[in-house]
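With PDB, C-alpha atoms inside, this is model_3.pdb:
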ATOM      1  CA  ARG A 115     -13.806  -9.456  17.264
ATOM      2  CA  ALA A 116     -15.075  -7.529  14.211
ATOM      3  CA  ARG A 117     -15.978 -10.777  12.471
ATOM      4  CA  LYS A 118     -18.220 -11.731  15.363
ATOM      5  CA  ARG A 119     -19.763  -8.294  15.731
ATOM      6  CA  PHE A 120     -20.577  -7.952  12.033
ATOM      7  CA  LYS A 121     -21.654 -11.609  11.771
ATOM      8  CA  VAL A 122     -19.380 -12.793   8.956
ATOM      9  CA  SER A 123     -17.703 -16.191   8.768
ATOM     10  CA  ASP A 124     -14.426 -14.787   7.405
ATOM     11  CA  GLY A 125     -12.949 -11.459   8.469
ATOM     12  CA  MET A 126     -11.732 -10.806   4.908
ATOM     13  CA  LYS A 127     -15.374 -10.476   3.848
ATOM     14  CA  LEU A 128     -15.492  -7.186   5.730
ATOM     15  CA  PHE A 129     -13.145  -5.829   3.045
ATOM     16  CA  SER A 130     -15.264  -7.109   0.150
ATOM     17  CA  ASN A 131     -17.391  -5.115  -2.245
ATOM     18  CA  SER A 132     -20.206  -7.621  -1.776
ATOM     19  CA  PHE A 133     -20.352  -6.782   1.952
ATOM     20  CA  HIS A 134     -20.359  -3.080   1.073
ATOM     21  CA  GLN A 135     -23.219  -3.545  -1.390
ATOM     22  CA  ARG A 136     -25.337  -5.582   1.023
ATOM     23  CA  HIS A 137     -24.542  -3.565   4.155
ATOM     24  CA  PRO A 138     -23.125  -0.165   3.123
ATOM     25  CA  ALA A 139     -23.614   1.461   6.525
ATOM     26  CA  LYS A 140     -22.002  -1.451   8.377
ATOM     27  CA  CYS A 141     -19.077  -1.506   5.950
ATOM     28  CA  LYS A 142     -18.475   2.238   6.397
ATOM     29  CA  GLN A 143     -18.752   1.760  10.155
ATOM     30  CA  PHE A 144     -16.077  -0.947  10.093
ATOM     31  CA  LEU A 145     -13.730   1.094   7.883
ATOM     32  CA  ALA A 146     -14.223   4.219  10.025
ATOM     33  CA  GLU A 147     -13.304   2.226  13.116
ATOM     34  CA  ILE A 148      -9.963   1.423  11.470
ATOM     35  CA  PHE A 149      -9.275   5.162  11.362
ATOM     36  CA  LEU A 150     -10.304   5.643  14.995
ATOM     37  CA  GLU A 151      -7.787   2.964  16.000
ATOM     38  CA  ALA A 152      -5.035   4.357  13.761
ATOM     39  CA  MET A 153      -5.482   8.080  14.385
ATOM     40  CA  HIS A 154      -3.137   8.213  17.404
ATOM     41  CA  LYS A 155      -0.362   6.090  15.884
ATOM     42  CA  LYS A 156       2.871   7.735  14.806
ATOM     43  CA  PRO A 157       5.548   6.931  12.207
ATOM     44  CA  ASN A 158       8.280   4.558  13.349
ATOM     45  CA  ALA A 159      11.964   4.160  12.484
ATOM     46  CA  SER A 160      11.157   2.275   9.263
ATOM     47  CA  HIS A 161       9.070   5.184   7.982
ATOM     48  CA  GLU A 162      11.957   7.511   8.843
ATOM     49  CA  SER A 163      14.457   5.363   6.936
ATOM     50  CA  LEU A 164      12.267   5.347   3.829
ATOM     51  CA  ALA A 165      11.958   9.125   4.075
ATOM     52  CA  GLU A 166      15.739   9.450   4.416
ATOM     53  CA  LEU A 167      16.238   7.354   1.285
ATOM     54  CA  GLU A 168      13.820   9.690  -0.481
ATOM     55  CA  ARG A 169      15.662  12.798   0.712
ATOM     56  CA  LYS A 170      18.923  11.328  -0.579
ATOM     57  CA  GLY A 171      17.405  10.673  -3.989
ATOM     58  CA  ARG A 172      17.727   6.903  -3.569
ATOM     59  CA  LEU A 173      14.059   5.950  -3.336
ATOM     60  CA  LEU A 174      12.509   5.764  -6.762
ATOM     61  CA  ARG A 175       9.087   4.831  -5.348
ATOM     62  CA  HIS A 176       7.474   3.354  -2.263
ATOM     63  CA  TYR A 177       4.403   1.237  -2.960
ATOM     64  CA  THR A 178       2.503   0.332   0.166
ATOM     65  CA  MET A 179      -0.457  -1.910   0.890
ATOM     66  CA  ASN A 180      -0.756  -0.333   4.339
ATOM     67  CA  ILE A 181      -3.787   1.903   4.805
ATOM     68  CA  ASP A 182      -2.637   3.684   7.980
ATOM     69  CA  GLY A 183      -1.430   6.817   6.146
ATOM     70  CA  LEU A 184       1.588   7.120   8.412
ATOM     71  CA  MET A 185       4.028   8.046   5.629
ATOM     72  CA  GLY A 186       2.036  11.270   5.332
ATOM     73  CA  PHE A 187       3.206  12.195   8.833
ATOM     74  CA  THR A 188       6.852  11.388   8.125
ATOM     75  CA  ALA A 189       9.105  14.390   7.502
ATOM     76  CA  GLY A 190      10.650  14.287   4.055
ATOM     77  CA  ALA A 191       8.159  11.825   2.565
ATOM     78  CA  SER A 192       5.974  12.776  -0.394
ATOM     79  CA  ALA A 193       2.776  11.176  -1.674
ATOM     80  CA  TRP A 194       1.732  10.182  -5.173
ATOM     81  CA  THR A 195      -1.689  11.725  -5.702
ATOM     82  CA  GLY A 196      -2.797   9.730  -8.729
ATOM     83  CA  ALA A 197      -2.391  12.670 -11.080
ATOM     84  CA  GLU A 198      -0.362  12.013 -14.202
ATOM     85  CA  GLY A 199       3.206  13.243 -13.783
ATOM     86  CA  CYS A 200       2.958  13.537  -9.991
ATOM     87  CA  PRO A 201       6.504  13.168  -8.578
ATOM     88  CA  GLY A 202       5.383  11.924  -5.148
ATOM     89  CA  LYS A 203       7.106   8.785  -3.903
ATOM     90  CA  THR A 204       4.633   6.937  -1.654
ATOM     91  CA  VAL A 205       1.856   5.169  -3.547
ATOM     92  CA  GLU A 206      -0.966   3.899  -1.341
ATOM     93  CA  LEU A 207      -2.204   0.956  -3.381
ATOM     94  CA  HIS A 208      -5.092   0.147  -1.052
ATOM     95  CA  GLY A 209      -6.032   3.671  -0.047
ATOM     96  CA  ASN A 210      -5.719   5.592   3.193
ATOM     97  CA  CYS A 211      -7.946   5.330   6.267
ATOM     98  CA  ARG A 212      -7.246   9.011   6.994
ATOM     99  CA  GLN A 213      -9.151  10.126   3.896
ATOM    100  CA  VAL A 214     -12.759  10.164   2.687
ATOM    101  CA  VAL A 215     -13.748  10.075  -0.990
ATOM    102  CA  CYS A 216     -16.999  11.127  -2.614
ATOM    103  CA  THR A 217     -18.332   8.603  -5.109
ATOM    104  CA  SER A 218     -20.398  11.324  -6.837
ATOM    105  CA  CYS A 219     -17.770  13.950  -7.625
ATOM    106  CA  GLY A 220     -14.501  12.210  -6.686
ATOM    107  CA  ALA A 221     -13.479  14.839  -4.141
ATOM    108  CA  VAL A 222     -11.129  13.689  -1.376
ATOM    109  CA  CYS A 223     -11.183  15.222   2.091
ATOM    110  CA  PRO A 224      -9.625  14.332   5.453
ATOM    111  CA  MET A 225     -11.230  11.729   7.649
ATOM    112  CA  THR A 226     -11.820  13.491  10.929
ATOM    113  CA  ALA A 227     -12.913  12.071  14.262
ATOM    114  CA  ALA A 228     -16.313  13.715  13.726
ATOM    115  CA  ARG A 229     -16.750  12.129  10.290
ATOM    116  CA  ALA A 230     -15.586   8.756  11.570
ATOM    117  CA  ARG A 231     -18.031   8.841  14.461
ATOM    118  CA  ALA A 232     -20.837   9.766  12.076
ATOM    119  CA  PHE A 233     -19.989   6.724   9.956
ATOM    120  CA  THR A 234     -19.971   4.512  13.044
ATOM    121  CA  ARG A 235     -23.466   5.753  13.926
ATOM    122  CA  GLY A 236     -24.702   4.975  10.420
ATOM    123  CA  ALA A 237     -25.287   8.663   9.714
ATOM    124  CA  GLU A 238     -24.897  10.303   6.309
ATOM    125  CA  VAL A 239     -21.612  12.114   5.742
ATOM    126  CA  ARG A 240     -22.009  14.732   3.045
ATOM    127  CA  CYS A 241     -19.279  15.719   0.626
ATOM    128  CA  PRO A 242     -17.898  19.214   1.371
ATOM    129  CA  GLU A 243     -17.609  19.852  -2.383
ATOM    130  CA  CYS A 244     -20.917  18.658  -3.891
ATOM    131  CA  ALA A 245     -22.967  18.243  -0.681
ATOM    132  CA  GLN A 246     -24.107  14.761  -1.698
ATOM    133  CA  PRO A 247     -24.354  12.038   1.016
ATOM    134  CA  THR A 248     -22.152   9.757  -1.071
ATOM    135  CA  THR A 249     -18.872   9.708   0.820
ATOM    136  CA  ARG A 250     -17.023   6.645   2.071
ATOM    137  CA  PRO A 251     -13.667   5.900   3.704
ATOM    138  CA  LYS A 252     -10.968   5.864   1.012
ATOM    139  CA  ILE A 253      -9.991   2.232   1.525
ATOM    140  CA  MET A 254      -9.839  -0.298  -1.291
ATOM    141  CA  LEU A 255     -12.155  -3.306  -1.065
ATOM    142  CA  TYR A 256     -11.885  -6.578  -2.938
ATOM    143  CA  ASP A 257     -13.587  -6.105  -6.352
ATOM    144  CA  ASP A 258     -14.276  -2.491  -5.400
ATOM    145  CA  ASP A 259     -16.751  -0.713  -7.705
ATOM    146  CA  ASP A 260     -15.028   2.571  -6.797
ATOM    147  CA  ALA A 261     -11.463   1.307  -7.329
ATOM    148  CA  GLU A 262     -10.571   4.080  -9.772
ATOM    149  CA  LEU A 263     -11.390   6.651  -7.073
ATOM    150  CA  ILE A 264      -9.173   4.864  -4.546
ATOM    151  CA  THR A 265      -6.138   4.093  -6.708
ATOM    152  CA  PRO A 266      -6.401   4.948 -10.417
ATOM    153  CA  ASP A 267      -5.333   2.414 -13.045
ATOM    154  CA  LEU A 268      -2.567   4.844 -14.000
ATOM    155  CA  VAL A 269      -0.595   3.309 -11.133
ATOM    156  CA  MET A 270       0.200   0.260 -13.279
ATOM    157  CA  ASP A 271       1.904   2.452 -15.902
ATOM    158  CA  LEU A 272       3.845   4.156 -13.130
ATOM    159  CA  MET A 273       4.906   0.793 -11.715
ATOM    160  CA  GLU A 274       6.135  -0.432 -15.099
ATOM    161  CA  ALA A 275       8.198   2.737 -15.599
ATOM    162  CA  ASP A 276       9.699   2.383 -12.110
ATOM    163  CA  VAL A 277      10.661  -1.253 -12.664
ATOM    164  CA  ALA A 278      12.402  -0.255 -15.884
ATOM    165  CA  ALA A 279      14.462   2.352 -14.012
ATOM    166  CA  CYS A 280      15.365   0.843 -10.624
ATOM    167  CA  ASP A 281      18.275  -1.392  -9.587
ATOM    168  CA  LEU A 282      16.805  -2.858  -6.398
ATOM    169  CA  ILE A 283      13.286  -3.897  -5.402
ATOM    170  CA  LEU A 284      12.568  -4.559  -1.744
ATOM    171  CA  TRP A 285       9.460  -6.490  -0.710
ATOM    172  CA  VAL A 286       9.131  -5.393   2.906
ATOM    173  CA  GLY A 287       7.070  -7.165   5.556
ATOM    174  CA  ILE A 288       4.962  -9.081   3.027
ATOM    175  CA  SER A 289       4.120 -12.714   3.755
ATOM    176  CA  PHE A 290       2.795 -13.454   0.249
ATOM    177  CA  GLU A 291       0.077 -15.580   1.795
ATOM    178  CA  GLN A 292      -2.669 -13.354   0.351
ATOM    179  CA  SER A 293      -3.595 -13.501  -3.323
ATOM    180  CA  ALA A 294      -3.361  -9.709  -3.762
ATOM    181  CA  SER A 295       0.294  -9.453  -2.687
ATOM    182  CA  LEU A 296       1.242 -12.535  -4.717
ATOM    183  CA  GLU A 297      -0.424 -11.044  -7.776
ATOM    184  CA  TYR A 298       1.697  -7.886  -7.384
ATOM    185  CA  PHE A 299       4.809 -10.061  -7.205
ATOM    186  CA  ARG A 300       3.844 -11.981 -10.358
ATOM    187  CA  ASN A 301       3.106  -8.754 -12.243
ATOM    188  CA  ILE A 302       6.479  -7.275 -11.345
ATOM    189  CA  GLN A 303       8.270 -10.398 -12.564
ATOM    190  CA  ARG A 304       6.388 -10.113 -15.855
ATOM    191  CA  VAL A 305       7.426  -6.454 -16.219
ATOM    192  CA  ILE A 306      11.058  -7.277 -15.422
ATOM    193  CA  LYS A 307      11.052 -10.077 -17.985
ATOM    194  CA  ASP A 308       9.372  -7.979 -20.679
ATOM    195  CA  ALA A 309      12.069  -5.331 -20.151
ATOM    196  CA  GLY A 310      14.827  -7.955 -20.330
ATOM    197  CA  ARG A 311      16.095  -6.916 -16.887
ATOM    198  CA  GLU A 312      16.180 -10.267 -15.084
ATOM    199  CA  ALA A 313      19.952 -10.008 -14.582
ATOM    200  CA  SER A 314      20.081  -6.310 -13.666
ATOM    201  CA  VAL A 315      17.336  -5.974 -11.053
ATOM    202  CA  VAL A 316      17.984  -7.480  -7.622
ATOM    203  CA  GLN A 317      14.958  -8.226  -5.436
ATOM    204  CA  GLY A 318      15.009  -8.713  -1.694
ATOM    205  CA  VAL A 319      12.176 -10.263   0.299
ATOM    206  CA  LEU A 320      12.604  -8.638   3.706
ATOM    207  CA  ASN A 321      10.720 -10.517   6.411
ATOM    208  CA  PRO A 322      11.725 -12.381   9.597
ATOM    209  CA  ASP A 323       9.573 -15.295   8.417
ATOM    210  CA  PRO A 324      11.646 -17.517   6.097
ATOM    211  CA  ASP A 325       8.482 -18.759   4.405
ATOM    212  CA  SER A 326       7.848 -15.353   2.826
ATOM    213  CA  ALA A 327      10.506 -15.678   0.119
ATOM    214  CA  PHE A 328       9.454 -19.275  -0.519
ATOM    215  CA  ASN A 329       5.812 -18.220  -0.872
ATOM    216  CA  ALA A 330       6.735 -15.512  -3.373
ATOM    217  CA  ILE A 331       9.055 -17.594  -5.524
ATOM    218  CA  SER A 332       6.921 -20.737  -5.502
ATOM    219  CA  GLY A 333       3.848 -18.657  -6.333
ATOM    220  CA  ALA A 334       5.457 -17.346  -9.517
ATOM    221  CA  ASN A 335       6.616 -19.229 -12.611
ATOM    222  CA  ASN A 336      10.037 -19.636 -14.242
ATOM    223  CA  MET A 337      12.059 -17.731 -11.647
ATOM    224  CA  ASP A 338      15.429 -19.292 -12.511
ATOM    225  CA  ASP A 339      16.725 -16.194 -14.307
ATOM    226  CA  PHE A 340      15.679 -13.754 -11.572
ATOM    227  CA  THR A 341      17.764 -12.666  -8.574
ATOM    228  CA  VAL A 342      15.584 -12.872  -5.473
ATOM    229  CA  ILE A 343      17.300 -12.802  -2.067
ATOM    230  CA  ALA A 344      15.631 -13.841   1.176
ATOM    231  CA  LEU A 345      16.456 -11.290   3.893
ATOM    232  CA  GLU A 346      15.313 -12.914   7.129
ATOM    233  CA  SER A 347      15.141  -9.859   9.335
ATOM    234  CA  HIS A 348      12.781  -7.276  10.718
ATOM    235  CA  CYS A 349      12.630  -4.355   8.327
ATOM    236  CA  GLN A 350      13.870  -1.551  10.588
ATOM    237  CA  PRO A 351      17.574  -2.530  10.859
ATOM    238  CA  VAL A 352      17.864  -3.298   7.142
ATOM    239  CA  LEU A 353      16.175  -0.089   6.013
ATOM    240  CA  ALA A 354      18.240   1.929   8.488
ATOM    241  CA  LYS A 355      21.439   0.344   7.152
ATOM    242  CA  LEU A 356      20.477   1.122   3.564
ATOM    243  CA  ALA A 357      19.672   4.719   4.468
ATOM    244  CA  SER A 358      23.041   5.130   6.197
ATOM    245  CA  LEU A 359      25.075   3.385   3.476
ATOM    246  CA  TYR A 360      23.987   5.498   0.552
ATOM    247  CA  PRO A 361      25.154   9.104   0.315
ATOM    248  CA  PRO A 362      22.894  11.646  -1.400
ATOM    249  CA  ARG A 363      22.804  11.119  -5.135
ATOM    250  CA  GLU A 364      24.714  14.044  -6.600
ATOM    251  CA  SER A 365      25.203  13.187 -10.252
ATOM    252  CA  ILE A 366      23.293  11.638 -13.127
ATOM    253  CA  ALA A 367      26.002   8.972 -13.370
ATOM    254  CA  ASP A 368      25.261   7.884  -9.804
ATOM    255  CA  THR A 369      22.049   6.020 -10.596
ATOM    256  CA  THR A 370      21.531   3.478  -7.819
ATOM    257  CA  THR A 371      17.855   3.676  -6.906
ATOM    258  CA  ALA A 372      15.453   1.400  -5.077
ATOM    259  CA  ALA A 373      11.751   0.718  -5.221
ATOM    260  CA  ALA A 374      10.099  -0.629  -2.084
ATOM    261  CA  ALA A 375       6.814  -2.433  -1.583
ATOM    262  CA  THR A 376       5.591  -2.577   2.008
ATOM    263  CA  ASP A 377       2.869  -4.266   3.992
ATOM    264  CA  SER A 378       2.437  -4.437   7.781
ATOM    265  CA  ARG A 379       5.623  -3.651   9.645
TER     266      ARG A 379
END

Now, as a test, write the supplied structure out as structure tokens.
Amino acid sequence: RARKRFKVSDGMKLFSNSFHQRHPAKCKQFLAEIFLEAMHKKPNASHESLAELERKGRLLRHYTMNIDGLMGFTAGASAWTGAEGCPGKTVELHGNCRQVVCTSCGAVCPMTAARARAFTRGAEVRCPECAQPTTRPKIMLYDDDDAELITPDLVMDLMEADVAACDLILWVGISFEQSASLEYFRNIQRVIKDAGREASVVQGVLNPDPDSAFNAISGANNMDDFTVIALESHCQPVLAKLASLYPPRESIADTTTAAAATDSR
């Protein structure tokens, strides 16, 4: 529907920096419409299970490619802000449709219905901090010129530290059919190998589609020494089981922690 309305041959082009450069108002309109569709959605049982794992001290980090911002409405869940040393658990790799960022001063403010409707009309939306008309929805585009304002490069250092510390990595709801998700998978394997942790980190590809694990493993190289398990299931029952199995972590010696990467649920 959007592809036809915005006259592009491939819907993915709507998320490209080239589309934003050629048609900035149309791109902001499209991204604002994502917020208007998402604004009434609520967290589901999977969000609750991730938050429970966090409360129990079992979730080292939650990296998500979702842009719906729903973890921010989940009791017990905390967000990584991009600031060095931030202890927040949920890292929004591709941004958050519920936020607006100013490309002049870097200020972030909430996306409101009024701001979204202004974007959809092609109107200027001024930054509440610097008053410049240089705001945009805080959603990452392919080859985004403003990528550092959406998700700072510091996230890669955080990810490497998390991989060095966790025991379990769950890839949740990811098909690995898109180059971006496959690139994340390849990078994590490189980090695991560089740390010499191939035998100590278990990875689970959690998806009802059996092709997901195949896509991930076949898209990476030299996976023989890694432990990757295909979990052919919807994510909710598996995450709920994990959350119920693990008691709160009460001692330093009790170190079982998980990192989760999520896409559409």

When the PyMOL selection byres ((chain A and resi 258) around 12) is applied to the file above, which residues end up in the set, as a PyMOL selection string?
chain A and resi 129-135+208-209+217+252-257+259-266

Which one is closest to Ile302 in chain A: A:Trp285, A:Phe328, A:Phe144, A:Phe149? Count all atoms listed in the file.
A:Trp285

Residues near range 336-348 of chain A, cut-off 7 Å, all atoms listed in the file, skip fewer than 2 positions along chain, as a ChimeraX atom specification:
/A:312-313,316-324,327,331,334,350-351

Given the PyMOL selection byres ((chain A and resi 373) around 6) and the file above, list the residues it selects as a PyMOL selection string.
chain A and resi 174-176+283+372+374

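Within 8 Å of the file-frame point (-16.1, 6.2, 14.7), and using only C-alpha atoms, the polymer residues found are Gln143, Ala146, Glu147, Phe149, Leu150, Ala227, Ala228, Arg229, Ala230, Arg231, Ala232, Phe233, Thr234 and Arg235 of chain A.
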
Written as a ChimeraX atom specification, which residues does the PyMOL selection byres ((chain A and resi 241-248) around 10) give for the file shown?
/A:214-223,237-240,249-250

A:Arg304, A:Arg115, A:Arg212, A:Arg363 ranked by distance to Arg169 in chain A, top pick (using all atoms listed in the file):
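Of A:Arg304, A:Arg115, A:Arg212, A:Arg363, the one nearest Arg169 in chain A, counting all atoms listed in the file, is A:Arg363.
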
Could you pull range 231-249 of chain A out of the structure I just pasted and write it to a file containing N, CA, C and O atoms, as an mmCIF file, in the first residue's frame?
data_model
loop_
_atom_site.group_PDB
_atom_site.id
_atom_site.type_symbol
_atom_site.label_atom_id
_atom_site.label_comp_id
_atom_site.auth_asym_id
_atom_site.auth_seq_id
_atom_site.Cartn_x
_atom_site.Cartn_y
_atom_site.Cartn_z
ATOM 1 N N ARG A 231 1.094 14.179 13.008
ATOM 2 C CA ARG A 231 0.169 14.713 12.000
ATOM 3 C C ARG A 231 0.796 15.876 11.240
ATOM 4 O O ARG A 231 0.541 16.061 10.043
ATOM 5 N N ALA A 232 1.633 16.651 11.917
ATOM 6 C CA ALA A 232 2.342 17.729 11.227
ATOM 7 C C ALA A 232 3.285 17.158 10.172
ATOM 8 O O ALA A 232 3.352 17.663 9.043
ATOM 9 N N PHE A 233 4.006 16.092 10.538
ATOM 10 C CA PHE A 233 4.878 15.432 9.566
ATOM 11 C C PHE A 233 4.071 14.915 8.376
ATOM 12 O O PHE A 233 4.494 15.029 7.225
ATOM 13 N N THR A 234 2.912 14.335 8.650
ATOM 14 C CA THR A 234 2.123 13.762 7.552
ATOM 15 C C THR A 234 1.571 14.847 6.629
ATOM 16 O O THR A 234 1.275 14.558 5.462
ATOM 17 N N ARG A 235 1.455 16.067 7.136
ATOM 18 C CA ARG A 235 1.002 17.181 6.292
ATOM 19 C C ARG A 235 2.159 17.836 5.547
ATOM 20 O O ARG A 235 1.948 18.733 4.727
ATOM 21 N N GLY A 236 3.390 17.414 5.873
ATOM 22 C CA GLY A 236 4.554 18.041 5.256
ATOM 23 C C GLY A 236 4.962 19.326 5.936
ATOM 24 O O GLY A 236 5.769 20.096 5.395
ATOM 25 N N ALA A 237 4.426 19.572 7.129
ATOM 26 C CA ALA A 237 4.733 20.810 7.852
ATOM 27 C C ALA A 237 6.061 20.687 8.598
ATOM 28 O O ALA A 237 6.530 19.585 8.903
ATOM 29 N N GLU A 238 6.667 21.834 8.904
ATOM 30 C CA GLU A 238 7.889 21.844 9.699
ATOM 31 C C GLU A 238 7.557 21.505 11.148
ATOM 32 O O GLU A 238 6.545 21.961 11.688
ATOM 33 N N VAL A 239 8.413 20.722 11.766
ATOM 34 C CA VAL A 239 8.274 20.409 13.189
ATOM 35 C C VAL A 239 9.540 20.912 13.869
ATOM 36 O O VAL A 239 10.625 20.376 13.660
ATOM 37 N N ARG A 240 9.405 21.953 14.647
ATOM 38 C CA ARG A 240 10.577 22.584 15.252
ATOM 39 C C ARG A 240 11.021 21.857 16.519
ATOM 40 O O ARG A 240 10.214 21.308 17.266
ATOM 41 N N CYS A 241 12.311 21.897 16.743
ATOM 42 C CA CYS A 241 12.897 21.276 17.932
ATOM 43 C C CYS A 241 12.534 22.097 19.165
ATOM 44 O O CYS A 241 12.691 23.331 19.163
ATOM 45 N N PRO A 242 12.050 21.480 20.238
ATOM 46 C CA PRO A 242 11.710 22.231 21.447
ATOM 47 C C PRO A 242 12.927 22.795 22.165
ATOM 48 O O PRO A 242 12.796 23.681 23.011
ATOM 49 N N GLU A 243 14.130 22.299 21.821
ATOM 50 C CA GLU A 243 15.346 22.772 22.481
ATOM 51 C C GLU A 243 15.983 23.941 21.726
ATOM 52 O O GLU A 243 16.300 24.967 22.318
ATOM 53 N N CYS A 244 16.213 23.774 20.413
ATOM 54 C CA CYS A 244 16.930 24.810 19.656
ATOM 55 C C CYS A 244 16.032 25.583 18.699
ATOM 56 O O CYS A 244 16.494 26.515 18.035
ATOM 57 N N ALA A 245 14.776 25.173 18.594
ATOM 58 C CA ALA A 245 13.763 25.848 17.767
ATOM 59 C C ALA A 245 14.013 25.758 16.261
ATOM 60 O O ALA A 245 13.351 26.438 15.483
ATOM 61 N N GLN A 246 14.956 24.904 15.863
ATOM 62 C CA GLN A 246 15.223 24.739 14.436
ATOM 63 C C GLN A 246 14.216 23.743 13.826
ATOM 64 O O GLN A 246 13.793 22.792 14.486
ATOM 65 N N PRO A 247 13.858 23.928 12.546
ATOM 66 C CA PRO A 247 12.904 23.006 11.893
ATOM 67 C C PRO A 247 13.619 21.790 11.321
ATOM 68 O O PRO A 247 13.419 21.415 10.166
ATOM 69 N N THR A 248 14.464 21.175 12.149
ATOM 70 C CA THR A 248 15.332 20.099 11.658
ATOM 71 C C THR A 248 15.098 18.801 12.424
ATOM 72 O O THR A 248 16.034 18.063 12.721
ATOM 73 N N THR A 249 13.855 18.536 12.757
ATOM 74 C CA THR A 249 13.540 17.290 13.457
ATOM 75 C C THR A 249 13.096 16.222 12.449
ATOM 76 O O THR A 249 12.677 16.530 11.336
#
